[in-house]
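Here's the structure we're looking at; comments come further down.
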There are 2 protein chains.
Amino acid sequence: MHTLRIGEVARRTGVSTDLLRAWERRYGLLQPDRAEAGYRLYSEADVARVARMQELLRDGLAAAEAARQAGGEPEPAAPRRDADVRRLAEALARFDDTAAHEAFDRLLADFTGLAVLEQAVLPLLRELGERWERGEASVAEEHFASNLIRGRVLGLARGWDRGGGPRAVLACASGERHELGLIAFGIALRAHGWRVTYLGADTPPETLAVAVAAIAPAAVIVVALDRRRLEGDAEVLADVGRAAPLWIAGDADEALAERLGARLLDGGPIEAATTVAASA
Amino acid sequence: MHTLRIGEVARRTGVSTDLLRAWERRYGLLQPDRAEAGYRLYSEADVARVARMQELLRDGLAAAEAARQAGGEPEPAAPRRDADVRRLAEALARFDDTAAHEAFDRLLADFTGLAVLEQAVLPLLRELGERWERGEASVAEEHFASNLIRGRVLGLARGWDRGGGPRAVLACASGERHELGLIAFGIALRAHGWRVTYLGADTPPETLAVAVAAIAPAAVIVVALDRRRLEGDAEVLADVGRAAPLWIAGDADEALAERLGARLLDGGPIEAATTVAASA
DNA sequence: CAGATGTTGTCCATGGTCTGTCAAGTTCCT
DNA sequence: AGGAACTTGACAGACCATGGACAACATCTG
């Protein structure tokens with residue numbers, strides 16, 4: 001199981017080899033096996049532990065304290081997570097509110113909000129949508145699931161305007177009600193140290209304009225899965241784009257972005273957050 | 001659990017490190033642990049206490065008095081509830097996500113979910129609506145507030161199907177998106193020992209039918225603030241009414257109820273829950 | 001009203017601690 | 001040979017502690 005050399009771990013985690021050795025020397029974060037020649041040999045669990053360490057550092061803990069906390073149990077491996085995801089899916093299909101919340105709670109206890117969204121919730125909803133298109137899932141199932149999940153995920157969007165980083169305003173376009181991707185983006189941007197003001201689903205463009213005027217953010221992100229929702233409010237959005245850097249995501253292209261004085265965001269929520277974070 | 005150093009507490013609260021030390025020295029607001037090197041180590045609870053201190057300062061109290069209250073005995077309940085409701089309203093008007101959640105948390109810690117809804121949230125939204133009609137509140141304010149509150153209130157609707165009481169299915173009519181009253185009703189019905197399956201806003205009638213067939217509840221409650229939302233789905237709703245006792249609430253009257261094979265619910269959410277609970 | 005007194009947020013000097021990075025010299029593998 | 005890794009030691013810059021000082025403001029006093 002212990003097969004990775006230090007350079008590979010560094011590549012995977014973005015932590016320099018020097019720093020990996022320093023963490024080992026100072027805090028005993030990792031205790032890799034050794035090859036006969038003395039080379040450190042790490043396991044996948046070690047990589048996860050380093051990732052956890054990085055998260056704790058981003059949360060503002062001192063390195064010594066972060067190492068102490070990351071030194072405990074590594075994140076549970078994929079099987080346990082998959083079991084909980086499956087339990088969640090089954091509970092939703094049964095309209096079983098209690099079981100669904102329990103599965104969700106367990107996922108949140110074991111993983112970060114971003115990981116839960118990325119690896120469990122979004123794929124689950126995507127799959128549900130596909131099954132629905134194929135006629136295998138009922139409207140009722142889809143409705144119950146997305147309603148419950150919406151409530152839980154909105155609960156993740158809090159305390160986002162704390163701290164001292166640059167500010168961003170996030171909104172779904174007018175009429176747009178799919179906000180899960182936007183929330184995932186918000187969490188990811190938060191991990192980059194930004195402060196986020198989340199306006200949520202179905203934000204009228206005037207609301208956006210008022211918020212932007214009040215906050216003077218370093219970025220404004222508007223998402224729509226149907227480009228007509230953007231086109232319909234083109235003038236107001238262009239005004240917003242003159243007041244602050246505007247990004248659009250979802251069903252948009254370069255031409256539309258240019259028309260709105262906006263920049264285009266594509267890829268998943270996580271890459272998009274990296275892009276925006278790099279802009280300021 | 002004392003893990004945060006002073007700089008991180010400063011970042012999270014926006015209070016300078018100097019001031020944190022001054023508050024400790026002068027008022028004993030916080031008594032952090034110390035690391036071996038002498039560094040102050042704070043807990044999450046300390047962060048909350050600082051946030052509370054800031055709120056009291058915003059309310060105009062002198063720092064010494066604010067520290068006394070933030071650190072010491074809580075005030076009697078009623079004034080504090082009013083103060084927290086006011087703080088919630090002010091935070092929402094400022095787009096201040098963190099302060100709003102904190103005020104909400106404190107309300108929930110001190111009162112039941114039903115009381116918070118009945119005495120704080122619903123009146124607050126009603127007042128906001130009125131100010132909006134008079135042009136005193138912006139669309140932006142209204143949107144931000146109801147979005148944040150929706151997320152919090154949805155978080156109250158969990159674990160509702162536990163236990164052994166009679167079952168009820170709750171839904172907003174198709175297109176209807178005002179679900180706060182329905183959630184208040186759900187909490188109240190829960191207090192009568194019922195198990196509640198909550199389908200949420202904008203429930204298509206077919207979804208309702210599937211859920212009712214799957215659950216065989218002792219009551220089905222459908223709410224709409226605009227009666228056309230009920231009339232549009234009259235046939236399916238009448239089918240539902242044949243499968244289980246159906247109640248309609250909101251903008252409806254006896255004639256419409258009769259047409260749907262339903263019974264009429266009026267009055268506030270709490271009386272309505274009493275009515276339904278008495279029916280089984 | 002002038003002056004005295006108290007309150008409160010901020011600033012500074014000095015000195016210790018923490019932590020990421022770097023360097024030097026060596027060994028291992030292909 | 002050359003790239004990657006090893007160990008040890010060092011270092012700069014960020015971070016923190018203490019204690020005192022101070023300016024701005026409010027409140028009280030004669």
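Labeling convention for the structure tokens: chains A, B, ... as they appear, residues from 1 per chain, ligands from 1 in order of appearance.
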Legend entry - Residues near DG3 in chain C, cut-off 12 Å, only C-alpha atoms (C1' of nucleotides), skip fewer than 4 positions along chain, as a VMD selection string: chain D and resid 28 to 30
Inset, instruction - Would you kindly return, as a PyMOL selection string, each protein, DNA or RNA residue with an atom no farther than 10 Å from any atom of Ala89 in chain B, considering only C-alpha atoms (C1' of nucleotides) and excluding same-chain residues fewer than 5 positions away? - result: chain B and resi 83-84+94+99-100+103+120-121+124-125+128+145
Inset, instruction - With chain B fixed, least-squares superpose chain A over all its C-alpha atoms paired in order and give the RMSD in Å. - result: 15.1 Å
Inset, instruction - For chain A, list the residues within 10 Å of chain D, counting only C-alpha atoms (C1' of nucleotides), and write the list as a list in words. - result: Arg5, Ile6, Gly7, Thr17, Ala37, Gly38, Tyr39 and Arg40 of chain A
Inset, instruction - Would you list the contacts of Ile248 in chain A as a list in words, taking every protein, DNA or RNA residue within 9 Å and counting only C-alpha atoms (C1' of nucleotides), but skipping same-chain residues closer than 3 positions in sequence? - result: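 The neighbour list is Val220, Ile221, Val222, Val223, Ala224, Leu230, Asp251, Ala252, Asp253, Ala257, Leu260, Ala262, Arg263, Leu264, Leu265 and Asp266 of chain A.
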Create the file for the chosen residues now, containing C-alpha atoms and written as a short mmCIF file (atom, residue, chain, number, x, y, z; two decimals), in the first residue's frame.
```
data_model
loop_
_atom_site.label_atom_id
_atom_site.label_comp_id
_atom_site.auth_asym_id
_atom_site.auth_seq_id
_atom_site.Cartn_x
_atom_site.Cartn_y
_atom_site.Cartn_z
CA VAL A 220 -20.16 39.51 -9.33
CA ILE A 221 -21.21 36.06 -10.50
CA VAL A 222 -24.53 35.44 -12.20
CA VAL A 223 -25.60 31.98 -13.25
CA ALA A 224 -28.41 30.83 -15.52
CA LEU A 230 -29.61 36.52 -19.01
CA ASP A 251 -25.68 28.53 -20.50
CA ALA A 252 -23.61 31.33 -21.95
CA ASP A 253 -20.88 31.91 -24.49
CA ALA A 257 -20.47 37.66 -22.25
CA LEU A 260 -22.95 42.10 -21.14
CA ALA A 262 -18.89 40.16 -18.60
CA ARG A 263 -16.36 37.38 -18.50
CA LEU A 264 -17.30 33.80 -19.11
CA LEU A 265 -17.00 31.08 -16.49
CA ASP A 266 -16.99 27.49 -17.54
#
```
Legend entry - Between CA of Ala140 in chain A and CA of Ala272 in chain B - distance in Å to one decimal: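 Interatomic distance here is 25.4 Å.
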Find the residues in chain C near chain B: any atom within 10 Å counts, using only C-alpha atoms (C1' of nucleotides). Write them as a tab-separated table (two decimals) with C-alpha atoms (C1' of nucleotides), in the first residue's frame.
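Here's the written file out34.tsv:
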```
chain	number	residue	atom	x	y	z
C	7	DT	C1'	-13.68	55.66	28.80
C	8	DT	C1'	-12.12	53.40	24.76
C	9	DG	C1'	-9.91	52.30	20.46
C	10	DT	C1'	-5.37	52.50	18.61
C	11	DC	C1'	-0.37	52.54	18.43
C	16	DG	C1'	10.09	35.80	22.01
C	17	DT	C1'	7.90	32.03	18.87
C	18	DC	C1'	6.40	29.77	14.74
```
Legend entry - 8 Å contacts from chain A to chain B using only C-alpha atoms, as number ranges by chain: A: 60-62, 65, 95-98, 101, 138-141, 143-144, 147, 151-152, 154-155, 158-164, 197, 199-201, 203, 206-208, 210-211
Selection from above, C-alpha atoms, as a PDB file, in the first residue's frame, can you write it?
```pdb
ATOM      1  CA  GLY A  60      -6.866  29.673  10.064  1.00  0.00           C
ATOM      2  CA  LEU A  61      -5.421  27.177  12.501  1.00  0.00           C
ATOM      3  CA  ALA A  62      -1.740  27.354  13.369  1.00  0.00           C
ATOM      4  CA  GLU A  65      -2.598  22.719  15.826  1.00  0.00           C
ATOM      5  CA  PHE A  95     -39.861   9.860   1.157  1.00  0.00           C
ATOM      6  CA  ASP A  96     -38.045   8.995   4.353  1.00  0.00           C
ATOM      7  CA  ASP A  97     -37.194  12.359   5.787  1.00  0.00           C
ATOM      8  CA  THR A  98     -35.501  11.133   8.946  1.00  0.00           C
ATOM      9  CA  HIS A 101     -31.293  13.728   7.139  1.00  0.00           C
ATOM     10  CA  SER A 138     -41.234   9.915 -10.626  1.00  0.00           C
ATOM     11  CA  VAL A 139     -41.734  13.642 -10.462  1.00  0.00           C
ATOM     12  CA  ALA A 140     -42.573  13.072  -6.818  1.00  0.00           C
ATOM     13  CA  GLU A 141     -39.215  11.548  -6.082  1.00  0.00           C
ATOM     14  CA  HIS A 143     -39.404  16.965  -6.114  1.00  0.00           C
ATOM     15  CA  PHE A 144     -39.012  15.533  -2.634  1.00  0.00           C
ATOM     16  CA  ASN A 147     -36.650  20.095  -1.851  1.00  0.00           C
ATOM     17  CA  GLY A 151     -32.904  23.019   2.574  1.00  0.00           C
ATOM     18  CA  ARG A 152     -29.770  21.273   3.722  1.00  0.00           C
ATOM     19  CA  LEU A 154     -28.828  26.390   2.034  1.00  0.00           C
ATOM     20  CA  GLY A 155     -27.760  25.610   5.565  1.00  0.00           C
ATOM     21  CA  ARG A 158     -23.691  30.856   6.245  1.00  0.00           C
ATOM     22  CA  GLY A 159     -21.031  33.000   7.777  1.00  0.00           C
ATOM     23  CA  TRP A 160     -19.797  33.637   4.288  1.00  0.00           C
ATOM     24  CA  ASP A 161     -19.175  37.337   4.710  1.00  0.00           C
ATOM     25  CA  ARG A 162     -16.767  36.993   7.587  1.00  0.00           C
ATOM     26  CA  GLY A 163     -13.113  37.801   7.331  1.00  0.00           C
ATOM     27  CA  GLY A 164     -11.063  40.240   5.330  1.00  0.00           C
ATOM     28  CA  THR A 197     -22.714  37.644  -0.276  1.00  0.00           C
ATOM     29  CA  LEU A 199     -28.383  36.394  -3.031  1.00  0.00           C
ATOM     30  CA  GLY A 200     -29.759  33.015  -4.019  1.00  0.00           C
ATOM     31  CA  ALA A 201     -32.231  31.783  -6.548  1.00  0.00           C
ATOM     32  CA  THR A 203     -32.629  37.261  -8.139  1.00  0.00           C
ATOM     33  CA  GLU A 206     -32.484  45.358  -9.825  1.00  0.00           C
ATOM     34  CA  THR A 207     -31.820  43.514  -6.601  1.00  0.00           C
ATOM     35  CA  LEU A 208     -28.429  42.569  -7.909  1.00  0.00           C
ATOM     36  CA  VAL A 210     -28.645  47.440  -5.406  1.00  0.00           C
ATOM     37  CA  ALA A 211     -26.519  44.843  -3.694  1.00  0.00           C
TER      38      ALA A 211
END
```
Using DSSP on the backbone, list every residue of range 123-246 of chain A that comes out as strand (DSSP E), and give them as a short mmCIF file (atom, residue, chain, number, x, y, z; two decimals) with N, CA and C atoms, in the first residue's frame.
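And here is the file that came out, states08.cif:
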```cif
data_model
loop_
_atom_site.label_atom_id
_atom_site.label_comp_id
_atom_site.auth_asym_id
_atom_site.auth_seq_id
_atom_site.Cartn_x
_atom_site.Cartn_y
_atom_site.Cartn_z
N ARG A 167 -14.46 40.69 -1.78
CA ARG A 167 -15.86 40.30 -1.69
C ARG A 167 -16.41 39.89 -3.04
N ALA A 168 -17.36 38.98 -3.00
CA ALA A 168 -18.05 38.58 -4.23
C ALA A 168 -19.54 38.54 -3.95
N VAL A 169 -20.32 38.86 -4.97
CA VAL A 169 -21.77 38.74 -4.88
C VAL A 169 -22.21 37.64 -5.83
N LEU A 170 -23.00 36.70 -5.32
CA LEU A 170 -23.43 35.55 -6.11
C LEU A 170 -24.95 35.57 -6.27
N ALA A 171 -25.40 35.32 -7.48
CA ALA A 171 -26.84 35.32 -7.68
C ALA A 171 -27.22 34.42 -8.85
N CYS A 172 -28.37 33.78 -8.74
CA CYS A 172 -28.98 33.16 -9.90
C CYS A 172 -29.73 34.25 -10.66
N ARG A 195 -14.86 36.75 0.78
CA ARG A 195 -16.13 36.93 1.46
C ARG A 195 -17.24 36.88 0.43
N VAL A 196 -18.30 36.18 0.75
CA VAL A 196 -19.34 35.94 -0.24
C VAL A 196 -20.69 36.46 0.26
N THR A 197 -21.33 37.27 -0.56
CA THR A 197 -22.71 37.64 -0.28
C THR A 197 -23.59 36.87 -1.24
N TYR A 198 -24.43 36.01 -0.67
CA TYR A 198 -25.19 35.08 -1.47
C TYR A 198 -26.63 35.55 -1.61
N LEU A 199 -27.02 35.88 -2.83
CA LEU A 199 -28.38 36.39 -3.03
C LEU A 199 -29.37 35.30 -3.40
N GLY A 200 -28.87 34.16 -3.86
CA GLY A 200 -29.76 33.01 -4.02
C GLY A 200 -30.49 32.95 -5.34
N ALA A 219 -16.00 40.97 -7.39
CA ALA A 219 -16.53 40.11 -8.45
C ALA A 219 -18.03 39.92 -8.24
N VAL A 220 -18.74 39.83 -9.36
CA VAL A 220 -20.16 39.51 -9.33
C VAL A 220 -20.36 38.30 -10.23
N ILE A 221 -21.01 37.27 -9.71
CA ILE A 221 -21.21 36.06 -10.50
C ILE A 221 -22.70 35.82 -10.67
N VAL A 222 -23.12 35.72 -11.91
CA VAL A 222 -24.53 35.44 -12.20
C VAL A 222 -24.61 34.15 -13.00
N VAL A 223 -25.49 33.26 -12.57
CA VAL A 223 -25.60 31.98 -13.25
C VAL A 223 -27.01 31.79 -13.78
N ALA A 224 -27.09 31.18 -14.96
CA ALA A 224 -28.41 30.83 -15.52
C ALA A 224 -28.23 29.59 -16.37
N LEU A 246 -17.90 41.52 -13.70
CA LEU A 246 -19.05 40.61 -13.79
C LEU A 246 -18.64 39.32 -14.49
#
```
Inset, instruction - One decimal, Å: what's the distance from CA of Tyr27 in chain A over to CA of Arg49 in chain A, could you say? - result: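 Computing it gives 12.9 Å between the two atoms.
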Legend entry - alpha helix (DSSP H) residues, from DSSP on the backbone, in range 105-180 of chain B, as a PyMOL selection string: chain B and resi 105-110+113-116+122-133+139-154+180
Legend entry - Point-to-point distance in Å for CA of Ile183 in chain A and CA of Ala137 in chain B: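 If I compute the distance from CA of Ala137 in chain B to CA of Ile183 in chain A, I get 26.2 Å.
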